[in-house]
$ cat final22.txt   # compact mmCIF, C-alpha atoms
# COMPACT_ATOMS: atom_id res chain seq x y z
CA MET A 1 -75.02 57.54 40.40
CA ARG A 2 -75.29 60.67 38.28
CA SER A 3 -78.13 63.09 39.05
CA GLU A 4 -79.82 65.49 36.70
CA LEU A 5 -79.19 69.21 36.87
CA SER A 6 -82.35 71.30 36.73
CA ILE A 7 -82.01 74.82 35.31
CA LYS A 8 -84.81 77.40 35.58
CA ILE A 9 -84.61 80.99 34.32
CA TYR A 10 -87.04 83.51 35.79
CA ARG A 11 -87.65 87.19 36.56
CA HIS A 12 -86.76 87.83 40.21
CA SER A 13 -89.68 89.61 41.89
CA GLU A 14 -87.40 91.40 44.41
CA ARG A 15 -84.55 92.35 42.09
CA GLY A 16 -85.30 95.08 39.63
CA LYS A 17 -85.31 98.63 38.40
CA GLY A 18 -88.88 99.84 38.51
CA SER A 19 -90.98 97.51 36.39
CA ARG A 20 -87.90 95.89 34.88
CA HIS A 21 -86.90 92.82 36.90
CA GLN A 22 -83.57 91.01 36.73
CA LEU A 23 -83.33 87.55 35.19
CA TYR A 24 -81.93 84.83 37.44
CA VAL A 25 -80.85 81.26 36.77
CA ARG A 26 -81.78 78.73 39.45
CA LEU A 27 -79.72 75.54 39.58
CA THR A 28 -81.09 72.48 41.37
CA HIS A 29 -79.00 69.37 41.92
CA GLN A 30 -79.96 66.64 44.37
CA ARG A 31 -82.61 68.98 45.87
CA LYS A 32 -80.02 71.65 46.70
CA LYS A 33 -80.24 75.02 44.98
CA ALA A 34 -77.99 77.85 43.91
CA GLU A 35 -78.84 80.98 41.94
CA VAL A 36 -76.86 82.94 39.37
CA ALA A 37 -77.79 86.52 38.49
CA THR A 38 -77.71 87.58 34.84
CA LYS A 39 -77.12 91.09 33.51
CA PHE A 40 -80.57 91.29 31.92
CA TYR A 41 -83.55 93.30 33.15
CA LEU A 42 -86.89 92.79 31.39
CA GLU A 43 -90.48 94.01 31.64
CA GLU A 44 -93.11 91.37 32.36
CA ARG A 45 -94.53 91.81 28.84
CA GLU A 46 -91.06 91.08 27.39
CA TRP A 47 -90.69 87.71 29.16
CA ASP A 48 -92.22 84.34 28.28
CA ALA A 49 -92.22 82.49 31.62
CA ALA A 50 -93.30 79.18 30.07
CA LYS A 51 -90.48 79.13 27.52
CA GLU A 52 -88.03 80.87 29.89
CA ARG A 53 -86.98 83.17 27.07
CA ALA A 54 -87.44 86.77 26.00
CA LYS A 55 -90.33 87.21 23.60
CA SER A 56 -88.56 89.24 20.96
CA ASN A 57 -84.91 89.66 21.87
CA SER A 58 -82.67 87.15 20.10
CA GLY A 59 -79.54 88.68 21.68
CA VAL A 60 -80.77 87.95 25.21
CA ASN A 61 -81.95 84.46 24.20
CA SER A 62 -78.61 83.60 22.58
CA GLU A 63 -76.72 84.51 25.75
CA LEU A 64 -79.17 82.60 27.94
CA ALA A 65 -78.76 79.52 25.72
CA GLU A 66 -74.98 79.78 25.94
CA MET A 67 -75.20 80.22 29.70
CA GLU A 68 -77.32 77.08 30.07
CA SER A 69 -74.94 75.11 27.87
CA ARG A 70 -71.94 76.31 29.87
CA LEU A 71 -73.55 75.32 33.20
CA ARG A 72 -74.38 71.82 31.94
CA SER A 73 -70.89 71.47 30.50
CA ILE A 74 -69.36 72.28 33.90
CA LYS A 75 -71.52 69.61 35.52
CA GLN A 76 -70.53 67.02 32.90
CA GLN A 77 -66.84 67.88 33.28
CA LEU A 78 -66.99 67.48 37.06
CA GLU A 79 -68.65 64.08 36.68
CA TYR A 80 -66.11 62.96 34.09
CA ASP A 81 -63.26 63.88 36.42
CA ASN A 82 -64.99 62.22 39.40
CA GLN A 83 -65.07 65.54 41.25
CA GLU A 84 -67.68 66.79 43.69
CA VAL A 85 -70.85 67.94 41.94
CA SER A 86 -73.24 70.40 43.57
CA ALA A 87 -75.35 73.34 42.48
CA LYS A 88 -73.13 75.69 44.49
CA ARG A 89 -69.90 74.37 42.97
CA ILE A 90 -71.29 74.65 39.45
CA LYS A 91 -72.27 78.24 40.25
CA ASP A 92 -68.82 79.01 41.73
CA ILE A 93 -67.01 77.60 38.71
CA PHE A 94 -69.29 79.51 36.34
CA SER A 95 -68.70 82.71 38.34
CA GLY A 96 -64.93 82.20 38.42
CA ARG A 97 -64.68 81.52 42.16
CA ASP A 98 -63.66 77.90 41.52
CA THR A 99 -61.99 76.11 38.63
CA VAL A 100 -62.45 72.95 36.64
CA ASP A 101 -59.74 71.71 34.32
CA GLU A 102 -61.72 71.21 31.12
CA MET A 103 -60.81 68.89 28.28
CA LEU A 104 -59.94 70.61 25.02
CA LEU A 105 -62.11 68.51 22.72
CA ASN A 106 -65.19 68.68 24.96
CA SER A 107 -64.93 72.42 25.30
CA TYR A 108 -64.20 72.93 21.60
CA LYS A 109 -67.13 70.73 20.50
CA GLU A 110 -69.49 72.60 22.82
CA TYR A 111 -68.32 75.88 21.29
CA VAL A 112 -68.82 74.71 17.69
CA ASP A 113 -72.19 73.08 18.42
CA ASN A 114 -73.47 76.34 19.92
CA LEU A 115 -72.37 78.61 17.05
CA GLN A 116 -75.76 78.38 15.35
CA HIS A 117 -77.39 79.75 18.53
CA THR A 118 -74.75 82.22 19.70
CA SER A 119 -73.49 83.79 16.46
CA ASN A 120 -74.72 85.31 13.21
CA LEU A 121 -72.54 83.03 11.10
CA SER A 122 -74.07 81.44 8.00
CA THR A 123 -74.67 77.69 7.77
CA GLY A 124 -71.80 77.39 5.31
CA THR A 125 -69.37 79.20 7.60
CA ILE A 126 -70.39 77.04 10.57
CA LYS A 127 -69.55 73.99 8.44
CA THR A 128 -66.00 75.30 8.03
CA TYR A 129 -65.73 75.61 11.83
CA LYS A 130 -66.81 71.97 12.11
CA LYS A 131 -64.12 70.98 9.60
CA THR A 132 -61.50 72.73 11.73
CA TYR A 133 -62.80 70.98 14.86
CA ASN A 134 -62.53 67.58 13.13
CA LEU A 135 -58.97 68.37 12.06
CA VAL A 136 -57.99 69.41 15.60
CA LYS A 137 -59.72 66.29 16.97
CA ASP A 138 -57.71 64.01 14.63
CA PHE A 139 -54.52 65.80 15.59
CA VAL A 140 -55.14 65.59 19.35
CA GLU A 141 -56.16 61.92 19.26
CA LYS A 142 -53.12 60.92 17.19
CA GLN A 143 -50.41 63.01 18.81
CA TYR A 144 -51.70 63.69 22.33
CA SER A 145 -54.65 62.12 24.15
CA PRO A 146 -58.45 62.56 23.82
CA ASP A 147 -58.53 63.88 27.39
CA LEU A 148 -55.93 66.61 26.75
CA ARG A 149 -56.73 69.60 28.97
CA LEU A 150 -57.65 72.93 27.44
CA LYS A 151 -55.04 74.67 29.58
CA ARG A 152 -52.33 72.50 27.99
CA VAL A 153 -52.75 74.30 24.65
CA ASP A 154 -49.63 76.44 24.27
CA LEU A 155 -47.30 77.73 21.56
CA ALA A 156 -45.69 74.28 21.18
CA PHE A 157 -49.16 72.79 20.60
CA ILE A 158 -49.91 75.39 17.90
CA GLU A 159 -46.60 74.76 16.14
CA SER A 160 -47.14 71.00 16.30
CA PHE A 161 -50.66 71.44 14.89
CA HIS A 162 -49.22 73.40 11.97
CA ARG A 163 -46.73 70.62 11.19
CA TYR A 164 -49.57 68.10 11.35
CA MET A 165 -51.58 70.11 8.83
CA SER A 166 -48.55 70.40 6.56
CA ASP A 167 -48.35 66.59 6.36
CA PHE A 168 -52.11 66.03 6.25
CA VAL A 169 -53.38 64.37 3.04
CA GLN A 170 -56.99 65.03 2.03
CA LYS A 171 -59.35 62.49 0.46
CA SER A 172 -58.51 64.02 -2.92
CA GLY A 173 -54.89 63.00 -2.37
CA GLU A 174 -53.76 66.62 -2.13
CA LYS A 175 -52.14 68.33 0.83
CA LEU A 176 -53.58 71.43 2.44
CA LYS A 177 -52.57 74.71 0.83
CA ASN A 178 -50.99 77.45 2.89
CA ASN A 179 -54.08 79.68 3.06
CA THR A 180 -56.28 76.71 4.00
CA LYS A 181 -53.96 75.98 6.93
CA ALA A 182 -54.01 79.63 7.94
CA LYS A 183 -57.83 79.64 7.92
CA HIS A 184 -57.91 76.53 10.17
CA HIS A 185 -55.51 78.34 12.52
CA SER A 186 -57.72 81.43 12.44
CA ARG A 187 -60.88 79.52 13.37
CA PHE A 188 -59.13 77.62 16.16
CA ARG A 189 -57.72 80.91 17.43
CA THR A 190 -61.26 82.32 17.58
CA PHE A 191 -62.26 79.45 19.87
CA LEU A 192 -59.24 80.08 22.15
CA ILE A 193 -60.07 83.79 22.37
CA HIS A 194 -63.62 82.80 23.33
CA SER A 195 -62.19 80.47 26.01
CA MET A 196 -59.95 83.24 27.35
CA ASN A 197 -62.86 85.71 27.48
CA HIS A 198 -64.81 83.15 29.53
CA ASP A 199 -61.88 82.63 31.94
CA ARG A 200 -61.23 79.04 30.85
CA ILE A 201 -57.63 79.81 29.89
CA GLN A 202 -55.35 82.61 31.04
CA ALA A 203 -53.76 83.59 27.72
CA ASN A 204 -54.14 83.01 24.00
CA PRO A 205 -51.11 81.10 22.64
CA TYR A 206 -51.69 82.58 19.17
CA LYS A 207 -50.46 85.91 20.54
CA LYS A 208 -46.96 84.54 19.93
CA TYR A 209 -47.79 82.88 16.61
CA LYS A 210 -48.16 84.88 13.39
CA LEU A 211 -50.58 83.60 10.75
CA LYS A 212 -49.20 83.80 7.22
CA PHE A 213 -51.62 84.26 4.34
CA GLU A 214 -50.33 84.22 0.77
CA GLU A 215 -51.83 86.24 -2.04
CA SER A 216 -53.27 83.54 -4.28
CA ASP A 217 -54.10 83.65 -7.99
CA ARG A 218 -57.78 83.53 -8.80
CA ILE A 219 -58.74 81.53 -11.85
CA PHE A 220 -61.03 83.22 -14.38
CA LEU A 221 -62.05 82.64 -17.98
CA THR A 222 -60.79 85.03 -20.61
CA ARG A 223 -63.16 86.49 -23.18
CA GLU A 224 -62.20 83.84 -25.71
CA GLU A 225 -62.47 80.98 -23.19
CA LEU A 226 -65.87 82.21 -22.00
CA GLU A 227 -67.14 82.27 -25.59
CA ARG A 228 -65.95 78.70 -26.15
CA PHE A 229 -67.48 77.63 -22.84
CA GLU A 230 -70.86 79.13 -23.76
CA THR A 231 -70.98 77.73 -27.30
CA CYS A 232 -69.26 74.32 -27.16
CA ASP A 233 -71.32 71.29 -28.22
CA LEU A 234 -72.57 69.30 -25.23
CA GLY A 235 -73.93 66.46 -27.35
CA GLY A 236 -77.51 67.08 -26.24
CA ASN A 237 -76.70 66.24 -22.59
CA LYS A 238 -79.36 68.08 -20.56
CA SER A 239 -77.51 67.70 -17.25
CA LEU A 240 -74.42 69.38 -18.68
CA GLU A 241 -76.60 72.06 -20.22
CA ARG A 242 -78.27 72.89 -16.89
CA ILE A 243 -74.94 73.09 -15.09
CA ARG A 244 -73.47 75.30 -17.81
CA ASP A 245 -76.48 77.60 -17.48
CA VAL A 246 -76.04 77.79 -13.69
CA PHE A 247 -72.37 78.69 -14.23
CA ILE A 248 -73.13 81.29 -16.90
CA PHE A 249 -75.82 82.86 -14.69
CA SER A 250 -73.21 83.51 -11.99
CA THR A 251 -70.72 84.72 -14.60
CA TYR A 252 -73.10 87.56 -15.48
CA THR A 253 -74.31 88.26 -11.92
CA GLY A 254 -71.24 87.51 -9.78
CA MET A 255 -73.31 85.40 -7.39
CA ARG A 256 -71.79 82.67 -5.27
CA PHE A 257 -73.14 79.15 -5.78
CA GLY A 258 -75.18 79.05 -2.55
CA ASP A 259 -76.76 82.45 -3.18
CA ALA A 260 -77.68 81.60 -6.78
CA GLN A 261 -79.25 78.29 -5.73
CA LYS A 262 -81.41 79.95 -3.06
CA LEU A 263 -82.48 82.82 -5.30
CA LYS A 264 -86.26 83.26 -5.62
CA MET A 265 -88.34 85.08 -8.18
CA SER A 266 -89.70 87.17 -5.31
CA ASP A 267 -86.18 88.62 -4.96
CA LEU A 268 -86.60 90.26 -8.39
CA ILE A 269 -87.29 94.01 -8.44
CA LYS A 270 -87.55 96.55 -11.25
CA SER A 271 -85.95 99.99 -11.29
CA ASN A 272 -85.46 102.42 -14.18
CA GLU A 273 -86.83 99.83 -16.60
CA LYS A 274 -84.10 97.35 -15.59
CA ASN A 275 -84.42 94.13 -13.59
CA TYR A 276 -82.42 93.58 -10.40
CA PHE A 277 -82.11 90.90 -7.78
CA CYS A 278 -82.18 92.08 -4.17
CA HIS A 279 -81.07 89.29 -1.83
CA LYS A 280 -79.18 88.58 1.40
CA GLU A 281 -75.79 86.94 0.88
CA GLN A 282 -75.39 83.61 2.65
CA LYS A 283 -71.68 84.09 3.39
CA THR A 284 -71.64 87.70 4.62
CA GLY A 285 -75.23 88.28 5.71
CA LYS A 286 -75.16 91.54 3.73
CA HIS A 287 -77.90 92.62 1.37
CA ALA A 288 -76.90 92.83 -2.28
CA GLN A 289 -78.69 94.38 -5.25
CA LEU A 290 -77.45 93.04 -8.57
CA PRO A 291 -78.43 94.11 -12.09
CA ILE A 292 -79.67 91.30 -14.31
CA LEU A 293 -77.75 91.55 -17.57
CA PRO A 294 -79.47 90.19 -20.71
CA ARG A 295 -77.50 86.92 -20.71
CA ALA A 296 -78.57 86.19 -17.13
CA GLN A 297 -82.16 87.18 -17.95
CA GLN A 298 -82.11 84.75 -20.86
CA ILE A 299 -81.29 81.89 -18.48
CA ILE A 300 -84.03 82.98 -16.07
CA ASP A 301 -86.55 82.90 -18.91
CA LYS A 302 -85.26 79.53 -20.17
CA TYR A 303 -86.31 77.78 -16.94
CA SER A 304 -89.72 79.45 -16.58
CA ASP A 305 -91.44 76.03 -16.86
CA SER A 306 -89.02 74.10 -14.63
CA PRO A 307 -90.18 72.21 -11.49
CA GLU A 308 -88.11 74.64 -9.40
CA ARG A 309 -89.92 77.64 -10.86
CA SER A 310 -93.26 76.26 -9.69
CA LEU A 311 -91.79 76.70 -6.20
CA GLY A 312 -90.62 80.21 -7.00
CA ILE A 313 -86.94 79.23 -7.33
CA VAL A 314 -84.97 80.80 -10.18
CA LEU A 315 -82.43 78.14 -11.19
CA PRO A 316 -82.35 74.32 -11.44
CA LYS A 317 -81.37 72.74 -8.13
CA ILE A 318 -78.05 70.87 -8.16
CA SER A 319 -75.37 70.00 -5.62
CA ASN A 320 -72.13 71.97 -5.50
CA GLN A 321 -70.10 68.76 -5.82
CA LYS A 322 -71.99 67.59 -8.90
CA CYS A 323 -71.77 71.05 -10.41
CA ASN A 324 -67.98 71.24 -10.04
CA THR A 325 -67.53 67.72 -11.39
CA TYR A 326 -69.58 68.44 -14.52
CA LEU A 327 -67.95 71.84 -15.05
CA LYS A 328 -64.61 70.10 -15.58
CA VAL A 329 -66.24 67.96 -18.29
CA ILE A 330 -67.63 71.07 -20.00
CA ALA A 331 -64.24 72.81 -19.75
CA ASN A 332 -62.62 69.88 -21.58
CA LEU A 333 -65.28 70.05 -24.31
CA ALA A 334 -64.52 73.79 -24.60
CA LYS A 335 -60.81 72.93 -24.91
CA ILE A 336 -59.96 74.69 -21.64
CA PHE A 337 -57.34 72.25 -20.34
CA GLU A 338 -55.00 74.32 -18.18
CA LYS A 339 -57.54 75.76 -15.76
CA SER A 340 -59.41 73.89 -13.03
CA VAL A 341 -62.93 75.25 -13.56
CA SER A 342 -65.21 75.25 -10.51
CA HIS A 343 -68.38 77.27 -9.99
CA HIS A 344 -66.51 80.00 -8.11
CA VAL A 345 -64.55 80.70 -11.30
CA ALA A 346 -67.80 82.26 -12.56
CA ARG A 347 -67.61 84.97 -9.86
CA HIS A 348 -63.97 85.66 -10.73
CA THR A 349 -64.87 85.83 -14.42
CA CYS A 350 -67.64 88.31 -13.66
CA ALA A 351 -65.18 90.60 -11.87
CA THR A 352 -62.52 90.45 -14.59
CA THR A 353 -63.87 89.58 -18.05
CA ILE A 354 -67.40 90.99 -17.64
CA LEU A 355 -66.79 94.08 -15.49
CA LEU A 356 -63.19 95.31 -15.33
CA GLU A 357 -62.31 94.52 -18.94
CA ASN A 358 -65.35 96.50 -20.04
CA GLY A 359 -64.25 99.60 -18.17
CA VAL A 360 -66.48 99.35 -15.12
CA PRO A 361 -64.77 101.39 -12.35
CA LEU A 362 -63.23 99.50 -9.44
CA GLU A 363 -65.62 101.10 -6.93
CA ILE A 364 -68.63 99.77 -8.85
CA VAL A 365 -67.06 96.31 -9.08
CA GLN A 366 -66.55 96.42 -5.31
CA ALA A 367 -70.23 97.23 -4.78
CA TRP A 368 -71.31 94.64 -7.38
CA LEU A 369 -69.39 91.84 -5.62
CA ASN A 370 -70.30 93.24 -2.17
CA HIS A 371 -66.67 93.37 -1.04
CA SER A 372 -66.20 95.08 2.33
CA ASN A 373 -62.71 96.25 1.35
CA ILE A 374 -61.64 97.61 -2.03
CA ARG A 375 -58.24 95.92 -1.64
CA GLU A 376 -60.02 92.62 -2.15
CA THR A 377 -61.45 93.96 -5.40
CA MET A 378 -58.04 95.26 -6.52
CA ILE A 379 -56.79 91.66 -6.68
CA TYR A 380 -59.01 91.19 -9.73
CA ALA A 381 -57.65 94.33 -11.39
CA ARG A 382 -54.13 92.92 -11.13
CA MET A 383 -55.28 89.61 -12.61
CA THR A 384 -56.24 90.90 -16.04
CA SER A 385 -54.08 92.89 -18.44
CA ARG A 386 -57.19 94.03 -20.30
CA ALA A 387 -58.58 96.01 -17.36
CA VAL A 388 -58.50 99.70 -18.30
CA ASN A 389 -58.87 102.89 -16.29
CA GLN A 390 -61.58 104.39 -18.48
CA SER A 391 -64.90 105.81 -17.52
CA ALA A 392 -67.76 103.43 -18.14
CA ASN A 393 -71.10 102.68 -16.56
CA VAL A 394 -73.25 99.65 -16.01
CA GLU A 395 -75.70 100.83 -18.68
CA ALA A 396 -73.12 100.03 -21.36
CA LEU A 397 -73.05 96.39 -20.24
CA PHE A 398 -76.71 95.97 -21.17
CA GLU A 399 -75.86 97.08 -24.69
CA LYS A 400 -72.67 95.03 -24.99
CA PHE A 401 -74.24 91.78 -23.74
CA ALA A 402 -77.61 92.25 -25.47
CA ILE A 403 -79.12 89.02 -26.80
CA ASN A 404 -79.48 88.92 -30.58

$ encode --input "final22.txt" --output "structure tokens"
Amino acid sequence: MRSELSIKIYRHSERGKGSRHQLYVRLTHQRKKAEVATKFYLEEREWDAAKERAKSNSGVNSELAEMESRLRSIKQQLEYDNQEVSAKRIKDIFSGRDTVDEMLLNSYKEYVDNLQHTSNLSTGTIKTYKKTYNLVKDFVEKQYSPDLRLKRVDLAFIESFHRYMSDFVQKSGEKLKNNTKAKHHSRFRTFLIHSMNHDRIQANPYKKYKLKFEESDRIFLTREELERFETCDLGGNKSLERIRDVFIFSTYTGMRFGDAQKLKMSDLIKSNEKNYFCHKEQKTGKHAQLPILPRAQQIIDKYSDSPERSLGIVLPKISNQKCNTYLKVIANLAKIFEKSVSHHVARHTCATTILLENGVPLEIVQAWLNHSNIRETMIYARMTSRAVNQSANVEALFEKFAIN
């Protein structure tokens, strides 16, 4: 019969440095106890004994949560393998004085489930980690066994996983592109590095496997295509009109879909008689300050009486899937047949047609799009033959895109 594992975290009254006492984790299993020392020392005023967490230190709390999860995972693994379970053995395994041969999928799922507590990754990025986990899970269950051990993951496993992804057919009927496969590899590699750092595996098999990313073309609308897109007749369809407005807003701001949808009127600031949005990017976590060009301001004003605006939200709320589906309909009405238009095309169009082709220097485009590396921005410069190396400033854009 399985017994519960009790975990209590407390400040040890006899272990400390002055008024700062060390945090300990007490394990209790079948009335027998074992204690694990942490690296943290806190003042009494910094510790919430009832919640067993620091009062205002998210870094400490994240590590404590991961520690608890790891201890419970060790207990569950021992039970699954019908091995001896005791508080001391759980402590010894956690401390590296004993070993338990963990299952890959259990360990990987625990890692992904804890990302929201142990990392600063955005919700969207965590979803991509879950997609990779599901792909690895399908691969392991079809070509190995659900109880495959984590230590069995080697170079042959990685190579076999790559072949599996190469043959994998998505719901859309398309196969995974090279860079998509490389990103799945990269996220799985991050998990294996985490496992190695926590002494669950001895080496990272990706050390012998080189990820290959290809430089991909980024679709954008030319000046002529953008004009047709903005002016084509939608037959009075309000849904299409809203989605076109959402797309055009990002074309003139460079915002990603998620950021634009979360944007609030309280994010609007004024400087030098111009309006700006100051917001935190969902993908990168960085703060961005974007000028609001007249065309974008026109769309903001258009929805001043919308239900969303009563809640302080700038744009109409729509799903990304619905948006991309309707954008393809609008593209056809605008006679744009050779390009697959999704919302992210708006960001690419901002970089090329709106900024670079109007002489905005590459460094300003980098800051506008919040790129961490200018080489990423240079991809856009190579995409358009109209980009010129002339001196221009953002002020000129307000004149060029003024609303008549």

$ residues_near_point --input "final22.txt" --point "(-52.2, 77.2, 22.0)" --cutoff "10 Å" --atoms "only C-alpha atoms" --output "MDAnalysis selection string"
chainID A and resid 150:161 188:189 192 201 203:209

$ write_last_selection --input "final22.txt" --atoms "C-alpha atoms" --output "short mmCIF file (atom, residue, chain, number, x, y, z; two decimals), in the coordinates of the input"
data_model
loop_
_atom_site.label_atom_id
_atom_site.label_comp_id
_atom_site.auth_asym_id
_atom_site.auth_seq_id
_atom_site.Cartn_x
_atom_site.Cartn_y
_atom_site.Cartn_z
CA LEU A 150 -57.65 72.93 27.44
CA LYS A 151 -55.04 74.67 29.58
CA ARG A 152 -52.33 72.50 27.99
CA VAL A 153 -52.75 74.30 24.65
CA ASP A 154 -49.63 76.44 24.27
CA LEU A 155 -47.30 77.73 21.56
CA ALA A 156 -45.69 74.28 21.18
CA PHE A 157 -49.16 72.79 20.60
CA ILE A 158 -49.91 75.39 17.90
CA GLU A 159 -46.60 74.76 16.14
CA SER A 160 -47.14 71.00 16.30
CA PHE A 161 -50.66 71.44 14.89
CA PHE A 188 -59.13 77.62 16.16
CA ARG A 189 -57.72 80.91 17.43
CA LEU A 192 -59.24 80.08 22.15
CA ILE A 201 -57.63 79.81 29.89
CA ALA A 203 -53.76 83.59 27.72
CA ASN A 204 -54.14 83.01 24.00
CA PRO A 205 -51.11 81.10 22.64
CA TYR A 206 -51.69 82.58 19.17
CA LYS A 207 -50.46 85.91 20.54
CA LYS A 208 -46.96 84.54 19.93
CA TYR A 209 -47.79 82.88 16.61
#

$ closest_residue --input "final22.txt" --among "A:Gly254, A:Pro316, A:Gly18, A:Pro307" --to "A:Leu290" --atoms "all atoms listed in the file"
A:Gly254

$ residues_around --input "final22.txt" --residues "A:Glu43" --least-positions-apart "5" --cutoff "12 Å" --atoms "all atoms listed in the file" --output "list in words"
Tyr10, Arg11, His12, Ser13, Gly16, Lys17, Gly18, Ser19, Arg20, His21, Gln22, Leu23, Asp48, Ala49, Ala54, Lys55 and Ser56 of chain A

$ residues_around --input "final22.txt" --residues "A:Thr132" --least-positions-apart "6" --cutoff "9 Å" --atoms "only C-alpha atoms" --output "number ranges by chain"
A: 183-185, 187-188

$ atom_distance --input "final22.txt" --atom1 "atom CA of A:Ala367" --atom2 "atom CA of A:Asn272"
18.6 Å

$ atom_distance --input "final22.txt" --atom1 "atom CA of A:Leu27" --atom2 "atom CA of A:Lys91"
8.0 Å

$ residues_around --input "final22.txt" --residues "A:Gly285" --least-positions-apart "5" --cutoff "12 Å" --atoms "all atoms listed in the file" --output "ChimeraX atom specification"
/A:119-125,259,279-280,370,372

$ write_last_selection --input "final22.txt" --atoms "C-alpha atoms" --output "CSV table (one decimal), in the coordinates of the input"
chain,number,residue,atom,x,y,z
A,119,SER,CA,-73.5,83.8,16.5
A,120,ASN,CA,-74.7,85.3,13.2
A,121,LEU,CA,-72.5,83.0,11.1
A,122,SER,CA,-74.1,81.4,8.0
A,123,THR,CA,-74.7,77.7,7.8
A,124,GLY,CA,-71.8,77.4,5.3
A,125,THR,CA,-69.4,79.2,7.6
A,259,ASP,CA,-76.8,82.4,-3.2
A,279,HIS,CA,-81.1,89.3,-1.8
A,280,LYS,CA,-79.2,88.6,1.4
A,370,ASN,CA,-70.3,93.2,-2.2
A,372,SER,CA,-66.2,95.1,2.3

$ residues_around --input "final22.txt" --residues "A:Arg26" --least-positions-apart "5" --cutoff "6 Å" --atoms "all atoms listed in the file" --output "number ranges by chain"
A: 7-8, 34-35

$ atom_distance --input "final22.txt" --atom1 "atom CA of A:His194" --atom2 "atom CA of A:Arg72"
17.6 Å

$ decode --input "final22.txt" --residues "stretch 196-212 of chain A" --atoms "N, CA and C atoms" --output "compact mmCIF listing (two decimals), in the first residue's frame"
# COMPACT_ATOMS: atom_id res chain seq x y z
N MET A 196 20.98 16.77 -17.04
CA MET A 196 22.40 16.57 -16.76
C MET A 196 22.84 17.44 -15.58
N ASN A 197 22.35 18.69 -15.54
CA ASN A 197 22.71 19.59 -14.44
C ASN A 197 22.16 19.11 -13.11
N HIS A 198 21.11 18.29 -13.15
CA HIS A 198 20.52 17.74 -11.91
C HIS A 198 20.94 16.29 -11.69
N ASP A 199 22.03 15.89 -12.37
CA ASP A 199 22.65 14.57 -12.17
C ASP A 199 21.73 13.41 -12.49
N ARG A 200 20.78 13.60 -13.42
CA ARG A 200 19.90 12.50 -13.81
C ARG A 200 20.49 11.73 -14.98
N ILE A 201 21.32 12.40 -15.78
CA ILE A 201 22.07 11.73 -16.84
C ILE A 201 23.52 12.22 -16.76
N GLN A 202 24.43 11.44 -17.32
CA GLN A 202 25.85 11.76 -17.21
C GLN A 202 26.32 12.73 -18.29
N ALA A 203 25.72 12.64 -19.49
CA ALA A 203 26.18 13.47 -20.60
C ALA A 203 24.99 13.85 -21.49
N ASN A 204 25.16 14.92 -22.22
CA ASN A 204 24.11 15.37 -23.14
C ASN A 204 24.41 14.83 -24.54
N PRO A 205 23.56 13.96 -25.07
CA PRO A 205 23.82 13.35 -26.38
C PRO A 205 23.85 14.38 -27.52
N TYR A 206 23.27 15.55 -27.32
CA TYR A 206 23.28 16.57 -28.37
C TYR A 206 24.67 17.18 -28.56
N LYS A 207 25.59 16.87 -27.65
CA LYS A 207 26.96 17.36 -27.82
C LYS A 207 27.58 16.82 -29.10
N LYS A 208 27.08 15.66 -29.54
CA LYS A 208 27.61 15.04 -30.76
C LYS A 208 26.67 15.24 -31.95
N TYR A 209 25.63 16.05 -31.76
CA TYR A 209 24.65 16.24 -32.83
C TYR A 209 24.50 17.74 -33.11
N LYS A 210 24.75 18.13 -34.35
CA LYS A 210 24.71 19.54 -34.72
C LYS A 210 23.35 19.91 -35.28
N LEU A 211 22.71 20.92 -34.68
CA LEU A 211 21.43 21.40 -35.18
C LEU A 211 21.67 22.26 -36.42
N LYS A 212 20.82 22.11 -37.42
CA LYS A 212 20.98 22.83 -38.68
C LYS A 212 19.76 23.70 -38.94
